[in-house]
Amino acid sequence: MQVAMPSPFSRPIPLAITSAVFLYALVKEKLTVVGLITALFTAFLHLSHPSTFPIYALVTFFLTGTFVTKYYSGIKSHLTSSSNSIASANDHKARNAVQVICNSGASSILILLSLFSNSSTTVLDGSDDNSILRGIACAYAAAAADTFSSELGILSNQQPFLITNPWKRVRRGTNGGVTSMGLFAGLIGSQFIAAAYLLVTKDLKGALLAVLMGFMGTLLDSILGALLQVTVEDKKTGKIIEGANGTRVLVQEGGSRIKQGRDLLNNNGVNFTMTLIMGIIGTLVGSFI
């Protein structure tokens with residue numbers, strides 16, 4: 001049996017909130033044109049879920065992520081170099097369609113699975129046994145935790161250590177480099193999504209699972225970054241070079257060099273892989289608790 005999808009226009013409050021956020025992103029140029037179009041389709045998909053949680057999770061992730069990205073952006077812009085000669089990768093600029101998909105794609109996949117799954121025909125707000133909805137919460141909690149961890153952790157006075165080798169100190173911006181401040185920030189980030197989930201569904205166990213999976217997502221993202229993402233260093237300044245909008249950093253002969261890691265995934269690929277894994281694990285675990 002196929003799920004009867006509610007019309008996005010049948011939910012005036014979520015639709016109004018989403019429209020306001022969309023206009024904010026448009027006026028403030030938070031997303032590129034293609035990014036805005038992608039976000040619009042993503043929002044309508046989220047609004048089509050029987051529960052209102054997915055759209056509130058998307059809005060919460062966007063707003064909190066925008067805030068922490070902007071937070072002390074002037075200082076962060078001097079802590080790393082960028083593959084973009086115009087602006088540092090840490091500068092506040094419009095996100096593109098790829099970044100929208102890589103941060104919300106895992107949840108979108110789970111939403112589609114939920115919409116066309118026989119087990120989801122009676123899902124309503126307040127349900128405490130919807131494992132896929134718990135998985136969506138875990139995926140967004142992991143995305144939020146990773147954003148908070150990377151954007152705030154880089155401001156720590158503590159020199160980062162490599163997550164795969166805790167005794168090795170690395171430069172700020174190194175893929176797989178973490179600080180206690182960054183890990184704590186990640187834990188806080190996951191709680192924003194968990195709070196939205198709890199307010200909508202009243203499912204305490206699912207909310208606690210989202211916090212746990214969000215924090216674990218931060219650790220997994222760092223591990224994937226350390227092992228599967230190359231870290232490139234600017235020879236002149238010694239700073240780590242970050243790819244603009246999460247793209248791959250290319251080594252320029254004489255100007256930069258590979259510091260560590262394997263060039264298998266860029267930052268966007270790491271984000272999508274991590275959120276998908278945490279969403280799947282959250283769904284599976286959510287079906288047993």
# chains A, B, ... in the order shown; residues from 1 in each chain; ligands from 1
>>> residues_around(residues="Ala97 in chain A", least_positions_apart="4", cutoff="6 Å", atoms="only C-alpha atoms", output="list of chain:residue names")
A:Val34, A:Gly35, A:Thr38
>>> residues_around(residues="Thr18 in chain A", least_positions_apart="3", cutoff="9 Å", atoms="only C-alpha atoms", output="VMD selection string")
chain A and resid 13 to 15 21 to 23 43 55 to 56 59
>>> closest_residue(among="A:Phe215, A:Phe192, A:Tyr197, A:Trp167", to="Ser149 in chain A", atoms="only C-alpha atoms")
A:Phe215
>>> select_by_dssp(residues="range 54-260 of chain A", states="helix (DSSP H, G or I)", output="MDAnalysis selection string")
chainID A and resid 54:70 73:76 97:115 118:120 131:153 180:201 204:228 244:246
>>> residues_around(residues="Gly282 in chain A", least_positions_apart="4", cutoff="9 Å", atoms="only C-alpha atoms", output="JSON, numbers by chain")
{"A": [131, 132, 134, 135, 136, 137, 138, 139, 206, 209, 210, 213, 277, 278, 286, 287]}
>>> atom_distance(atom1="CA of Ala25 in chain A", atom2="CA of Gln229 in chain A")
29.6 Å
>>> atom_distance(atom1="CA of Leu183 in chain A", atom2="CA of Thr164 in chain A")
14.6 Å
>>> closest_residue(among="A:Val285, A:Ala244, A:Leu187, A:Ala16", to="Leu212 in chain A", atoms="only C-alpha atoms")
A:Leu187
>>> residues_around(residues="Ala196 in chain A", least_positions_apart="3", cutoff="9 Å", atoms="only C-alpha atoms", output="list in words")
Phe53, Tyr56, Ala57, Thr60, Ala137, Gln191, Phe192, Ile193, Leu199, Val200, Thr201 and Ala207 of chain A
>>> closest_atom_pairs(of="range 83-200 of chain A", to="range 217-221 of chain A", cutoff="8 Å", atoms="only C-alpha atoms", output="CSV")
residue,atom,partner,partner_atom,distance
A:Ala142,CA,A:Gly217,CA,4.8
A:Ala143,CA,A:Gly217,CA,7.6
A:Ala145,CA,A:Thr218,CA,6.0
A:Asp146,CA,A:Thr218,CA,4.9
A:Ser149,CA,A:Thr218,CA,7.1
A:Ile163,CA,A:Leu219,CA,7.9
A:Gly176,CA,A:Asp221,CA,7.7
A:Leu183,CA,A:Thr218,CA,7.3
A:Gly186,CA,A:Thr218,CA,6.5
>>> residues_around(residues="Val270 in chain A", least_positions_apart="2", cutoff="10 Å", atoms="only C-alpha atoms", output="number ranges by chain")
A: 102, 220-225, 228-229, 246, 264-268, 272-276
>>> atom_distance(atom1="CA of Ala144 in chain A", atom2="CA of Gly189 in chain A")
5.2 Å
>>> residues_around(residues="Thr69 in chain A", least_positions_apart="3", cutoff="12 Å", atoms="only C-alpha atoms", output="PyMOL selection string")
chain A and resi 30+61-66+72-77+89-95+144+146-155
>>> residues_around(residues="Arg169 in chain A", least_positions_apart="2", cutoff="7 Å", atoms="only C-alpha atoms", output="PyMOL selection string")
chain A and resi 159-162+167
>>> write_last_selection(atoms="C-alpha atoms", output="tab-separated table (two decimals), in the first residue's frame")
chain	number	residue	atom	x	y	z
A	159	GLN	CA	45.69	22.59	19.08
A	160	PRO	CA	43.67	19.85	17.33
A	161	PHE	CA	44.68	16.21	17.58
A	162	LEU	CA	44.15	13.60	14.89
A	167	TRP	CA	48.86	11.65	20.26
>>> closest_residue(among="A:Ile188, A:Leu227, A:Ile240, A:Leu133", to="Val68 in chain A", atoms="only C-alpha atoms")
A:Ile188
>>> closest_residue(among="A:Asn271, A:Ser190, A:Gly261, A:Pro54", to="Ile101 in chain A", atoms="only C-alpha atoms")
A:Asn271
